[in-house]
>>> print(open('coords.csv').read())   # CSV, C-alpha atoms
chain,number,residue,atom,x,y,z
A,786,MET,CA,0.0,0.0,0.0
A,787,LYS,CA,1.0,3.7,-0.3
A,788,ALA,CA,1.8,5.5,3.0
A,789,LEU,CA,3.5,8.6,4.1
A,790,THR,CA,6.8,7.8,5.8
A,791,TRP,CA,9.2,9.8,7.9
A,792,GLN,CA,12.8,9.8,6.4
A,793,GLY,CA,14.5,12.6,8.4
A,794,ASN,CA,13.9,16.1,9.7
A,795,GLU,CA,11.6,17.9,7.3
A,796,ASP,CA,11.8,14.9,4.9
A,797,VAL,CA,8.6,12.8,4.5
A,798,ARG,CA,7.8,10.7,1.5
A,799,ILE,CA,5.1,8.5,0.0
A,800,GLU,CA,6.4,4.9,-0.2
A,801,ASP,CA,5.1,1.4,-0.8
A,802,VAL,CA,5.0,-0.4,2.5
A,803,PRO,CA,3.5,-3.8,3.5
A,804,ASP,CA,-0.3,-3.9,3.9
A,805,PRO,CA,-1.3,-4.2,7.6
A,806,ARG,CA,-2.7,-7.5,8.8
A,807,ILE,CA,-4.6,-8.8,11.8
A,808,GLU,CA,-2.0,-9.4,14.6
A,809,ALA,CA,-4.2,-9.8,17.6
A,810,PRO,CA,-7.8,-11.1,18.0
A,811,ASN,CA,-9.2,-7.6,18.8
A,812,ASP,CA,-7.6,-5.9,15.8
A,813,ALA,CA,-9.4,-4.5,12.8
A,814,ILE,CA,-8.2,-3.4,9.4
A,815,ILE,CA,-9.6,-0.1,8.1
A,816,ARG,CA,-9.5,1.1,4.5
A,817,VAL,CA,-8.7,4.8,5.0
A,818,THR,CA,-11.1,7.2,3.3
A,819,SER,CA,-9.8,10.5,4.9
A,820,THR,CA,-6.9,11.4,7.0
A,821,ALA,CA,-5.6,14.7,8.3
A,822,ILE,CA,-2.4,16.4,9.2
A,823,CYS,CA,-2.3,17.5,12.8
A,824,GLY,CA,-0.3,20.4,14.3
A,825,SER,CA,1.4,17.8,16.5
A,826,ASP,CA,2.6,16.0,13.3
A,827,LEU,CA,4.7,19.1,12.7
A,828,HIS,CA,6.6,18.3,15.9
A,829,LEU,CA,7.6,15.0,14.3
A,830,TYR,CA,8.5,16.9,11.1
A,831,ARG,CA,11.0,19.1,12.9
A,832,VAL,CA,11.6,18.4,16.6
A,833,LEU,CA,10.9,14.8,17.6
A,834,GLY,CA,13.0,13.1,14.9
A,835,PRO,CA,15.3,11.3,17.5
A,836,TYR,CA,12.3,9.1,18.4
A,837,LEU,CA,11.5,8.1,14.8
A,838,LYS,CA,13.2,5.8,12.4
A,839,PRO,CA,13.2,6.0,8.6
A,840,GLY,CA,10.1,4.3,7.2
A,841,ASP,CA,7.8,5.0,10.2
A,842,VAL,CA,4.3,5.7,8.9
A,843,LEU,CA,2.8,8.9,10.2
A,844,GLY,CA,-0.6,10.2,11.0
A,845,HIS,CA,-3.2,9.9,13.8
A,846,GLU,CA,-6.4,11.5,12.4
A,847,ALA,CA,-8.0,8.9,10.2
A,848,MET,CA,-11.4,7.4,9.3
A,849,GLY,CA,-12.5,4.8,6.9
A,850,VAL,CA,-14.3,1.5,6.2
A,851,VAL,CA,-13.8,-1.7,8.1
A,852,GLU,CA,-12.2,-4.3,5.7
A,853,GLU,CA,-11.3,-7.1,8.2
A,854,VAL,CA,-11.9,-7.9,11.8
A,855,GLY,CA,-10.4,-10.2,14.4
A,856,PRO,CA,-12.6,-12.6,16.3
A,857,GLU,CA,-12.6,-10.4,19.4
A,858,ALA,CA,-13.2,-7.0,17.7
A,859,GLY,CA,-16.5,-6.6,19.5
A,860,ASP,CA,-19.5,-5.6,17.3
A,861,LEU,CA,-17.5,-4.3,14.4
A,862,VAL,CA,-18.3,-5.9,11.1
A,863,VAL,CA,-16.9,-5.6,7.6
A,864,GLY,CA,-18.4,-2.5,5.9
A,865,ASP,CA,-18.8,-0.4,9.1
A,866,ARG,CA,-17.8,3.2,8.6
A,867,VAL,CA,-15.7,4.4,11.5
A,868,VAL,CA,-13.6,7.2,12.9
A,869,VAL,CA,-10.4,6.1,14.7
A,870,PRO,CA,-9.4,7.9,17.9
A,871,PHE,CA,-5.7,8.9,18.0
A,872,ASN,CA,-5.0,7.2,21.3
A,873,ILE,CA,-5.3,3.4,21.6
A,874,SER,CA,-7.3,2.4,24.6
A,875,CYS,CA,-9.0,-0.8,25.8
A,876,GLY,CA,-12.1,0.6,27.6
A,877,HIS,CA,-12.0,-1.7,30.5
A,878,CYS,CA,-8.8,-1.0,32.6
A,879,TRP,CA,-8.7,1.0,35.8
A,880,MET,CA,-7.8,4.2,33.9
A,881,CYS,CA,-10.3,3.8,31.1
A,882,ARG,CA,-13.2,3.1,33.5
A,883,ARG,CA,-12.4,6.5,35.1
A,884,GLY,CA,-12.5,8.3,31.7
A,885,LEU,CA,-8.7,8.5,31.4
A,886,MET,CA,-8.3,6.7,28.1
A,887,SER,CA,-5.1,8.6,27.4
A,888,GLN,CA,-3.5,6.7,30.3
A,889,CYS,CA,-4.9,3.3,29.3
A,890,GLU,CA,-3.1,0.6,31.4
A,891,THR,CA,-3.5,-2.0,28.7
A,892,THR,CA,-1.6,0.0,26.0
A,893,GLN,CA,0.7,2.2,28.2
A,894,VAL,CA,4.2,2.4,26.8
A,895,ARG,CA,5.8,1.6,30.1
A,896,ALA,CA,9.3,1.2,28.7
A,897,GLU,CA,9.3,4.9,27.9
A,898,GLY,CA,7.3,5.9,31.0
A,899,LYS,CA,4.5,7.2,28.8
A,900,GLY,CA,0.7,6.8,28.6
A,901,ALA,CA,-1.5,5.1,26.1
A,902,ALA,CA,0.0,4.1,22.7
A,903,LEU,CA,-0.8,6.6,19.9
A,904,PHE,CA,-1.0,6.0,16.2
A,905,GLY,CA,1.9,7.3,14.1
A,906,TYR,CA,3.7,9.0,17.0
A,907,THR,CA,7.3,7.8,17.7
A,908,SER,CA,8.8,5.1,19.8
A,909,LEU,CA,7.8,7.1,22.9
A,910,TYR,CA,4.2,6.1,22.2
A,911,GLY,CA,4.7,2.6,20.8
A,912,SER,CA,5.8,3.1,17.2
A,913,VAL,CA,2.3,2.1,16.0
A,914,PRO,CA,2.0,2.7,12.2
A,915,GLY,CA,-0.2,5.7,11.5
A,916,GLY,CA,-3.2,6.5,9.4
A,917,GLN,CA,-1.7,8.7,6.6
A,918,ALA,CA,-1.9,5.6,4.5
A,919,GLU,CA,-4.3,3.5,2.4
A,920,TYR,CA,-4.9,1.0,5.2
A,921,LEU,CA,-4.6,1.1,8.9
A,922,ARG,CA,-4.4,-1.7,11.5
A,923,VAL,CA,-6.5,-0.7,14.6
A,924,PRO,CA,-5.6,-2.4,17.9
A,925,GLN,CA,-8.3,-2.6,20.6
A,926,ALA,CA,-10.9,-2.4,18.0
A,927,GLN,CA,-13.5,-3.7,20.4
A,928,PHE,CA,-13.5,-0.2,22.0
A,929,GLY,CA,-11.7,2.4,20.0
A,930,PRO,CA,-13.4,2.9,16.6
A,931,ILE,CA,-16.4,5.2,16.6
A,932,LYS,CA,-19.2,4.0,14.2
A,933,VAL,CA,-20.7,6.8,12.1
A,934,PRO,CA,-23.8,6.6,9.8
A,935,GLU,CA,-24.0,6.7,6.1
A,936,GLY,CA,-25.2,9.9,4.6
A,937,VAL,CA,-22.8,12.3,6.4
A,938,THR,CA,-19.6,13.5,4.9
A,939,ASP,CA,-16.2,12.5,6.1
A,940,GLU,CA,-15.4,16.0,7.2
A,941,GLN,CA,-18.5,16.1,9.4
A,942,VAL,CA,-17.0,13.3,11.5
A,943,LEU,CA,-13.3,13.0,10.8
A,944,TYR,CA,-12.3,15.5,13.5
A,945,LEU,CA,-13.8,13.2,16.2
A,946,SER,CA,-10.4,11.4,15.8
A,947,ASP,CA,-8.5,14.2,17.6
A,948,VAL,CA,-9.3,17.9,17.0
A,949,LEU,CA,-12.8,18.0,18.4
A,950,PRO,CA,-12.3,15.9,21.6
A,951,THR,CA,-9.0,17.7,22.2
A,952,ALA,CA,-10.6,21.0,22.0
A,953,TRP,CA,-13.6,19.9,24.0
A,954,GLN,CA,-11.4,18.7,26.8
A,955,ALA,CA,-9.4,21.9,26.7
A,956,VAL,CA,-12.6,23.9,27.3
A,957,GLU,CA,-13.8,21.4,29.9
A,958,TYR,CA,-10.5,21.6,31.8
A,959,ALA,CA,-10.6,25.4,31.5
A,960,ASP,CA,-13.6,25.4,33.8
A,961,VAL,CA,-15.0,28.7,32.6
A,962,PRO,CA,-17.5,30.0,35.1
A,963,ALA,CA,-21.0,31.1,34.0
A,964,GLY,CA,-20.7,34.6,32.5
A,965,GLY,CA,-16.9,34.1,32.4
A,966,THR,CA,-14.1,34.9,29.9
A,967,VAL,CA,-11.7,32.5,28.3
A,968,ALA,CA,-8.7,33.4,26.1
A,969,VAL,CA,-7.3,30.9,23.6
A,970,LEU,CA,-3.6,31.2,22.7
A,971,GLY,CA,-2.9,29.7,19.3
A,972,LEU,CA,-5.6,29.5,16.6
A,973,GLY,CA,-4.6,26.4,14.8
A,974,PRO,CA,-7.3,23.8,14.2
A,975,VAL,CA,-7.5,22.8,17.9
A,976,GLY,CA,-7.4,26.4,19.1
A,977,LEU,CA,-10.1,27.4,16.6
A,978,MET,CA,-12.3,24.5,17.6
A,979,ALA,CA,-11.7,25.5,21.3
A,980,VAL,CA,-13.0,29.0,20.4
A,981,SER,CA,-16.1,27.5,18.7
A,982,ILE,CA,-16.8,25.1,21.6
A,983,ALA,CA,-16.3,27.8,24.2
A,984,VAL,CA,-18.8,30.0,22.4
A,985,HIS,CA,-21.2,27.1,22.0
A,986,ARG,CA,-21.0,26.2,25.7
A,987,GLY,CA,-21.9,29.7,26.7
A,988,ALA,CA,-18.7,31.6,27.6
A,989,ALA,CA,-19.7,35.2,27.8
A,990,ARG,CA,-16.5,36.4,26.2
A,991,VAL,CA,-13.9,34.4,24.1
A,992,ILE,CA,-10.6,36.0,23.1
A,993,GLY,CA,-8.5,34.3,20.4
A,994,LEU,CA,-4.8,35.2,20.0
A,995,ASP,CA,-2.5,34.4,17.1
A,996,LEU,CA,-0.4,36.2,14.5
A,997,VAL,CA,-1.7,34.6,11.3
A,998,PRO,CA,-4.3,36.8,9.6
A,999,GLU,CA,-6.4,33.9,8.2
A,1000,ARG,CA,-6.6,32.3,11.7
A,1001,LEU,CA,-7.6,35.5,13.3
A,1002,ASP,CA,-10.4,36.0,10.7
A,1003,ARG,CA,-11.6,32.5,11.3
A,1004,ALA,CA,-11.7,33.1,15.1
A,1005,ARG,CA,-13.8,36.2,14.5
A,1006,ALA,CA,-16.2,34.1,12.4
A,1007,TYR,CA,-16.6,31.6,15.3
A,1008,GLY,CA,-17.5,34.4,17.6
A,1009,ALA,CA,-14.2,35.5,19.3
A,1010,GLU,CA,-12.5,38.8,19.8
A,1011,ALA,CA,-9.3,38.4,17.8
A,1012,VAL,CA,-5.9,39.7,19.0
A,1013,ASP,CA,-2.9,39.9,16.7
A,1014,VAL,CA,0.0,39.1,19.1
A,1015,SER,CA,2.5,40.5,16.7
A,1016,ALA,CA,1.1,44.0,17.5
A,1017,VAL,CA,1.2,43.4,21.3
A,1018,ASP,CA,4.3,44.1,23.3
A,1019,ASP,CA,3.4,41.8,26.2
A,1020,VAL,CA,0.6,39.3,25.8
A,1021,ALA,CA,0.0,38.6,29.5
A,1022,SER,CA,-0.2,42.3,30.3
A,1023,HIS,CA,-2.5,42.8,27.3
A,1024,LEU,CA,-4.9,40.1,28.6
A,1025,ILE,CA,-5.0,41.6,32.0
A,1026,ASP,CA,-5.8,45.0,30.6
A,1027,LEU,CA,-8.5,43.6,28.3
A,1028,VAL,CA,-10.4,41.9,31.1
A,1029,ASP,CA,-11.1,44.4,33.9
A,1030,GLY,CA,-7.5,44.8,34.9
A,1031,ARG,CA,-7.4,41.3,36.3
A,1032,GLY,CA,-7.3,39.0,33.3
A,1033,PRO,CA,-9.6,36.2,31.9
A,1034,ASP,CA,-11.0,33.5,34.2
A,1035,ALA,CA,-9.3,30.9,32.1
A,1036,VAL,CA,-6.6,30.7,29.4
A,1037,ILE,CA,-6.2,27.8,27.0
A,1038,ASP,CA,-2.6,27.2,25.7
A,1039,ALA,CA,-3.2,25.6,22.3
A,1040,VAL,CA,0.3,26.4,21.1
A,1041,GLY,CA,2.8,24.0,22.7
A,1042,MET,CA,6.5,23.4,22.4
A,1043,GLU,CA,7.2,25.3,19.1
A,1044,ALA,CA,5.8,28.7,20.1
A,1045,HIS,CA,7.2,31.7,18.3
A,1046,GLY,CA,9.4,34.1,20.1
A,1047,SER,CA,12.1,32.1,22.0
A,1048,LYS,CA,15.1,32.1,19.7
A,1049,PRO,CA,17.5,30.3,22.1
A,1050,ALA,CA,15.0,27.5,22.6
A,1051,ALA,CA,14.3,27.3,18.9
A,1052,PHE,CA,18.0,27.1,18.2
A,1053,ALA,CA,18.5,24.4,20.8
A,1054,GLN,CA,15.6,22.3,19.4
A,1055,SER,CA,17.1,22.5,15.9
A,1056,LEU,CA,20.6,21.5,17.2
A,1057,VAL,CA,19.1,18.5,19.0
A,1058,GLY,CA,17.4,17.4,15.8
A,1059,LYS,CA,20.7,17.2,14.1
A,1060,LEU,CA,22.4,14.9,16.7
A,1061,PRO,CA,22.6,11.1,16.2
A,1062,ASP,CA,19.4,9.6,17.5
A,1063,ALA,CA,20.9,7.9,20.6
A,1064,VAL,CA,22.6,11.1,21.7
A,1065,ALA,CA,19.6,13.3,20.9
A,1066,GLN,CA,17.2,11.1,22.9
A,1067,LYS,CA,19.6,11.3,25.9
A,1068,VAL,CA,19.9,15.1,25.6
A,1069,THR,CA,16.1,15.4,25.3
A,1070,ASP,CA,15.6,13.2,28.4
A,1071,ILE,CA,17.9,15.1,30.6
A,1072,ALA,CA,18.0,18.6,29.1
A,1073,GLY,CA,14.8,18.9,27.0
A,1074,ILE,CA,13.6,22.5,26.8
A,1075,ASP,CA,10.5,23.9,25.1
A,1076,ARG,CA,9.7,27.3,23.7
A,1077,LEU,CA,7.6,28.5,26.6
A,1078,ASP,CA,6.4,31.9,25.5
A,1079,ALA,CA,2.7,30.9,25.1
A,1080,LEU,CA,2.6,28.9,28.4
A,1081,ILE,CA,4.2,31.7,30.4
A,1082,ALA,CA,1.8,34.2,28.8
A,1083,ALA,CA,-1.0,32.0,29.9
A,1084,LEU,CA,0.3,31.6,33.4
A,1085,LYS,CA,0.9,35.3,33.8
A,1086,GLY,CA,-2.2,36.5,31.9
A,1087,VAL,CA,-4.9,34.5,33.6
A,1088,ARG,CA,-6.6,36.2,36.6
A,1089,ARG,CA,-5.6,35.3,40.1
A,1090,GLY,CA,-7.4,32.1,41.1
A,1091,GLY,CA,-8.0,31.3,37.4
A,1092,THR,CA,-7.3,28.2,35.4
A,1093,VAL,CA,-4.8,27.5,32.7
A,1094,SER,CA,-5.7,24.6,30.4
A,1095,VAL,CA,-2.8,23.2,28.4
A,1096,VAL,CA,-3.6,21.4,25.2
A,1097,GLY,CA,-0.5,22.3,23.2
A,1098,VAL,CA,2.1,19.5,23.2
A,1099,TYR,CA,5.2,20.0,25.3
A,1100,GLY,CA,8.2,17.6,25.5
A,1101,GLY,CA,10.7,19.3,27.8
A,1102,GLU,CA,12.2,18.0,31.0
A,1103,ILE,CA,13.8,21.0,32.5
A,1104,ASP,CA,11.5,23.8,31.5
A,1105,PRO,CA,11.9,26.8,33.8
A,1106,LEU,CA,8.5,28.1,35.1
A,1107,PRO,CA,7.6,31.2,37.2
A,1108,MET,CA,6.8,29.0,40.2
A,1109,MET,CA,6.7,31.9,42.8
A,1110,GLU,CA,4.2,33.8,40.6
A,1111,MET,CA,2.1,30.7,39.9
A,1112,PHE,CA,1.9,29.9,43.6
A,1113,ASP,CA,1.2,33.5,44.7
A,1114,ARG,CA,-1.6,33.9,42.1
A,1115,GLY,CA,-3.3,30.6,43.1
A,1116,ILE,CA,-3.5,29.3,39.6
A,1117,THR,CA,-5.0,25.9,38.7
A,1118,ILE,CA,-3.3,24.0,35.8
A,1119,ARG,CA,-4.9,21.1,33.9
A,1120,MET,CA,-3.3,19.4,30.9
A,1121,GLY,CA,-2.8,16.2,29.0
A,1122,GLN,CA,-3.6,14.2,25.9
A,1123,ALA,CA,-7.3,14.1,25.1
A,1124,ASN,CA,-9.3,11.2,26.5
A,1125,VAL,CA,-11.0,10.9,23.1
A,1126,ARG,CA,-13.8,8.3,23.9
A,1127,ARG,CA,-14.8,10.2,27.0
A,1128,TRP,CA,-16.1,13.1,25.0
A,1129,ILE,CA,-17.7,11.4,22.0
A,1130,ASP,CA,-21.2,11.2,23.4
A,1131,ASP,CA,-21.1,15.0,23.8
A,1132,LEU,CA,-19.7,15.6,20.3
A,1133,VAL,CA,-21.5,13.2,18.0
A,1134,PRO,CA,-24.9,15.0,18.1
A,1135,LEU,CA,-23.1,18.3,17.3
A,1136,VAL,CA,-21.2,17.0,14.3
A,1137,LEU,CA,-24.3,15.2,13.0
A,1138,ASP,CA,-26.4,18.3,13.3
A,1139,GLY,CA,-27.1,19.6,9.8
A,1140,GLY,CA,-26.7,23.2,11.0
A,1141,ASP,CA,-23.0,22.5,11.8
A,1142,PRO,CA,-23.1,24.4,15.1
A,1143,LEU,CA,-19.3,24.1,15.7
A,1144,GLY,CA,-18.3,25.0,12.1
A,1145,VAL,CA,-16.3,21.8,11.5
A,1146,GLN,CA,-17.2,21.6,7.8
A,1147,ASP,CA,-15.4,24.9,7.2
A,1148,LEU,CA,-12.2,24.0,9.1
A,1149,ALA,CA,-10.2,22.4,6.3
A,1150,THR,CA,-8.7,24.9,3.9
A,1151,HIS,CA,-6.8,22.3,1.8
A,1152,ARG,CA,-8.0,18.9,0.5
A,1153,LEU,CA,-5.3,17.0,-1.3
A,1154,PRO,CA,-4.6,13.4,-2.4
A,1155,LEU,CA,-2.4,11.4,-0.2
A,1156,THR,CA,0.3,11.4,-2.9
A,1157,GLU,CA,0.7,15.2,-2.3
A,1158,ALA,CA,1.3,14.7,1.5
A,1159,PRO,CA,4.9,15.9,1.4
A,1160,HIS,CA,3.9,19.1,-0.2
A,1161,ALA,CA,1.0,19.4,2.3
A,1162,TYR,CA,3.4,19.1,5.3
A,1163,ASP,CA,5.6,21.9,3.9
A,1164,LEU,CA,2.5,24.0,3.2
A,1165,PHE,CA,1.1,23.5,6.7
A,1166,GLN,CA,4.5,24.1,8.4
A,1167,LYS,CA,5.0,27.4,6.6
A,1168,LYS,CA,1.3,28.4,6.8
A,1169,ASP,CA,1.4,29.3,3.2
A,1170,ASP,CA,-1.6,29.9,1.0
A,1171,GLY,CA,-3.8,30.5,4.1
A,1172,CYS,CA,-3.3,26.9,5.2
A,1173,ILE,CA,-5.2,26.1,8.5
A,1174,LYS,CA,-6.1,22.4,8.1
A,1175,VAL,CA,-5.2,19.8,5.5
A,1176,VAL,CA,-7.3,16.7,4.8
A,1177,LEU,CA,-5.8,14.0,2.6
A,1178,GLN,CA,-7.6,11.4,0.6
A,1179,PRO,CA,-5.8,8.1,-0.2
>>> encode(input="coords.csv", output="structure tokens")
Amino acid sequence: MKALTWQGNEDVRIEDVPDPRIEAPNDAIIRVTSTAICGSDLHLYRVLGPYLKPGDVLGHEAMGVVEEVGPEAGDLVVGDRVVVPFNISCGHCWMCRRGLMSQCETTQVRAEGKGAALFGYTSLYGSVPGGQAEYLRVPQAQFGPIKVPEGVTDEQVLYLSDVLPTAWQAVEYADVPAGGTVAVLGLGPVGLMAVSIAVHRGAARVIGLDLVPERLDRARAYGAEAVDVSAVDDVASHLIDLVDGRGPDAVIDAVGMEAHGSKPAAFAQSLVGKLPDAVAQKVTDIAGIDRLDALIAALKGVRRGGTVSVVGVYGGEIDPLPMMEMFDRGITIRMGQANVRRWIDDLVPLVLDGGDPLGVQDLATHRLPLTEAPHAYDLFQKKDDGCIKVVLQP
């Protein structure tokens, strides 16, 4: 089959790879009909190369049609149309029963000290082949795949794989009080959906911050006040000034490790990416550092006693944080990979609503064949041509 493979930093290629096959009784094989590029895929494209090997198949936002099932794949049958959550969880372990599917004890990558295995996301998360391919093997198929009806488009439901549950959890964790204000830092796909969801769930005021004009325009269309951070000297101070001199009740960091602004950290990340893998992994383990501009802005810009919800991916080990200020201001921080299946019952009625209340059908700006995936990564990385979200069709 054709699949997008990682070959090196900023080097991804379409190659012929072996077709997946049933390896465990609760596996299923999916013929992929749509798959998307996620902002966190760009971390693999540039930063997390030490944990990949040439030939790894990327992608963790996929949906398609069931082609084959193992004898313990639950009620899945050939021909079912499904969306595949990005994290692989069993549904019955101690963590899953408590709604923490991202920490599934059945698929935890204990050798790396990490939570549930993820599709297409490095040796840290199990080196499971991803969904930017013609076919996908789905472990734990008795629980993971989300059945969707005929008669709806792929783009109505595709984002149930990651973007929508991640954004929903971000807003849930932000704990915005009735009549409250939430700011969203970073208006990529997840940030934009967090804006839309916060508006839908009744936040009185939603402020979206980014520096890409197309993203700012989209946030306005979803109901946010848009702030161009390139025109602001200090984001945290600006947030405090915008909201009664005290700051918003909650701030969502939807940016993560590759925030603009920290040139030393950016340089360090690029240097680590050029080291031999074994050395780079060790350096990351003991001296990993992120670009923290967005996170620190969130911590300093939220009101005293407010909540910071971190949904952007971070990978550092020794990140310096303003601990005195965080303690003094009584901030609550919540974060983590989305527990996808936990939020599906909330989201399915919204994506099946013909009125498209969350605006998911307008999220993708580029739809390309899988064969153009290398170009799509470059386009998405550089934010060229107004690129906000790319959907690929095998």
>>> closest_residue(input="coords.csv", among="A:Ala918, A:Met1109, A:Val863, A:Met880", to="Leu789 of chain A", atoms="only C-alpha atoms")
A:Ala918
>>> closest_residue(input="coords.csv", among="A:Leu829, A:Ala1123, A:Val956, A:Ala989", to="Gly1100 of chain A", atoms="only C-alpha atoms")
A:Leu829
>>> residues_around(input="coords.csv", residues="Gly898 of chain A", least_positions_apart="2", cutoff="12 Å", atoms="all atoms listed in the file", output="MDAnalysis selection string")
chainID A and resid 888 890 892:896 900:902 908:911 1070
>>> closest_residue(input="coords.csv", among="A:Val913, A:Met1042, A:Ile1037, A:Val867", to="Ala952 of chain A", atoms="all atoms listed in the file")
A:Ile1037
>>> closest_residue(input="coords.csv", among="A:Val948, A:Ala926, A:Met786, A:Met1108", to="His845 of chain A", atoms="all atoms listed in the file")
A:Val948
>>> closest_residue(input="coords.csv", among="A:Val1145, A:Leu1132, A:Ala988, A:Ser1094", to="Ile931 of chain A", atoms="all atoms listed in the file")
A:Leu1132
>>> closest_residue(input="coords.csv", among="A:Asp1104, A:Phe928, A:Glu1110, A:Thr938", to="Cys881 of chain A", atoms="all atoms listed in the file")
A:Phe928
>>> residues_around(input="coords.csv", residues="Ser946 of chain A", least_positions_apart="6", cutoff="7 Å", atoms="all atoms listed in the file", output="PyMOL selection string")
chain A and resi 846-847+868-871
>>> residues_near_point(input="coords.csv", point="(-17.6, 23.2, 12.8)", cutoff="12 Å", atoms="all atoms listed in the file", output="CSV table (one decimal) with C-alpha atoms, in the frame of the given file")
chain,number,residue,atom,x,y,z
A,940,GLU,CA,-15.4,16.0,7.2
A,941,GLN,CA,-18.5,16.1,9.4
A,942,VAL,CA,-17.0,13.3,11.5
A,943,LEU,CA,-13.3,13.0,10.8
A,944,TYR,CA,-12.3,15.5,13.5
A,945,LEU,CA,-13.8,13.2,16.2
A,948,VAL,CA,-9.3,17.9,17.0
A,949,LEU,CA,-12.8,18.0,18.4
A,952,ALA,CA,-10.6,21.0,22.0
A,974,PRO,CA,-7.3,23.8,14.2
A,975,VAL,CA,-7.5,22.8,17.9
A,977,LEU,CA,-10.1,27.4,16.6
A,978,MET,CA,-12.3,24.5,17.6
A,979,ALA,CA,-11.7,25.5,21.3
A,980,VAL,CA,-13.0,29.0,20.4
A,981,SER,CA,-16.1,27.5,18.7
A,982,ILE,CA,-16.8,25.1,21.6
A,984,VAL,CA,-18.8,30.0,22.4
A,985,HIS,CA,-21.2,27.1,22.0
A,1003,ARG,CA,-11.6,32.5,11.3
A,1004,ALA,CA,-11.7,33.1,15.1
A,1006,ALA,CA,-16.2,34.1,12.4
A,1007,TYR,CA,-16.6,31.6,15.3
A,1132,LEU,CA,-19.7,15.6,20.3
A,1133,VAL,CA,-21.5,13.2,18.0
A,1135,LEU,CA,-23.1,18.3,17.3
A,1136,VAL,CA,-21.2,17.0,14.3
A,1137,LEU,CA,-24.3,15.2,13.0
A,1138,ASP,CA,-26.4,18.3,13.3
A,1139,GLY,CA,-27.1,19.6,9.8
A,1140,GLY,CA,-26.7,23.2,11.0
A,1141,ASP,CA,-23.0,22.5,11.8
A,1142,PRO,CA,-23.1,24.4,15.1
A,1143,LEU,CA,-19.3,24.1,15.7
A,1144,GLY,CA,-18.3,25.0,12.1
A,1145,VAL,CA,-16.3,21.8,11.5
A,1146,GLN,CA,-17.2,21.6,7.8
A,1147,ASP,CA,-15.4,24.9,7.2
A,1148,LEU,CA,-12.2,24.0,9.1
A,1149,ALA,CA,-10.2,22.4,6.3
>>> atom_distance(input="coords.csv", atom1="atom CA of Ala983 of chain A", atom2="atom CA of Ser887 of chain A")
22.5 Å
>>> closest_atom_pairs(input="coords.csv", of="segment 819-936 of chain A", to="segment 1153-1167 of chain A", cutoff="10 Å", atoms="all atoms listed in the file", output="CSV")
residue,atom,partner,partner_atom,distance
A:Ser819,CA,A:Leu1155,CA,9.0
A:Thr820,CA,A:Leu1155,CA,8.5
A:Ala821,CA,A:Leu1155,CA,9.7
A:Ile822,CA,A:Tyr1162,CA,7.5
A:Cys823,CA,A:Phe1165,CA,9.2
A:Gly824,CA,A:Phe1165,CA,8.3
A:Asp826,CA,A:Tyr1162,CA,8.6
A:Leu827,CA,A:Gln1166,CA,6.6
A:His828,CA,A:Gln1166,CA,9.7
A:Tyr830,CA,A:Tyr1162,CA,8.0
A:Arg831,CA,A:Gln1166,CA,9.4
A:Gln917,CA,A:Leu1155,CA,7.3
A:Ala918,CA,A:Leu1155,CA,7.5
A:Glu919,CA,A:Leu1155,CA,8.5
>>> residues_around(input="coords.csv", residues="Asp1019 of chain A", least_positions_apart="4", cutoff="10 Å", atoms="all atoms listed in the file", output="VMD selection string")
chain A and resid 1014 to 1015 1023 to 1024 1082 1086
>>> atom_distance(input="coords.csv", atom1="atom CA of Glu957 of chain A", atom2="atom CA of Val1020 of chain A")
23.3 Å
>>> residues_around(input="coords.csv", residues="Ala1016 of chain A", least_positions_apart="6", cutoff="12 Å", atoms="all atoms listed in the file", output="list of chain:residue names")
A:Leu994, A:Asp995, A:Leu996, A:Val997, A:Pro998, A:His1023
>>> atom_distance(input="coords.csv", atom1="atom CA of Gly855 of chain A", atom2="atom CA of Ala788 of chain A")
22.9 Å
>>> closest_atom_pairs(input="coords.csv", of="segment 970-1052 of chain A", to="segment 1169-1173 of chain A", cutoff="8 Å", atoms="only C-alpha atoms", output="JSON lines")
{"residue": "A:Gly973", "atom": "CA", "partner": "A:Ile1173", "partner_atom": "CA", "distance": 6.3}
{"residue": "A:Pro974", "atom": "CA", "partner": "A:Ile1173", "partner_atom": "CA", "distance": 6.5}
{"residue": "A:Glu999", "atom": "CA", "partner": "A:Gly1171", "partner_atom": "CA", "distance": 5.9}
{"residue": "A:Arg1000", "atom": "CA", "partner": "A:Ile1173", "partner_atom": "CA", "distance": 7.1}
>>> residues_around(input="coords.csv", residues="Ile1025 of chain A", least_positions_apart="4", cutoff="10 Å", atoms="only C-alpha atoms", output="number ranges by chain")
A: 1020-1021, 1029-1033, 1085-1088
>>> build_atoms(input="coords.csv", residues="segment 1147-1151 of chain A", atoms="N, CA and C atoms", output="compact mmCIF listing (two decimals), in the frame of the given file")
# COMPACT_ATOMS: atom_id res chain seq x y z
N ASP A 1147 -16.19 23.81 7.78
CA ASP A 1147 -15.40 24.90 7.20
C ASP A 1147 -13.96 24.88 7.66
N LEU A 1148 -13.57 23.92 8.52
CA LEU A 1148 -12.20 24.00 9.10
C LEU A 1148 -11.12 23.71 8.11
N ALA A 1149 -11.30 22.72 7.26
CA ALA A 1149 -10.20 22.40 6.30
C ALA A 1149 -10.14 23.45 5.22
N THR A 1150 -8.92 23.91 5.00
CA THR A 1150 -8.70 24.90 3.90
C THR A 1150 -8.08 24.20 2.70
N HIS A 1151 -7.50 23.01 2.88
CA HIS A 1151 -6.80 22.30 1.80
C HIS A 1151 -7.23 20.84 1.81
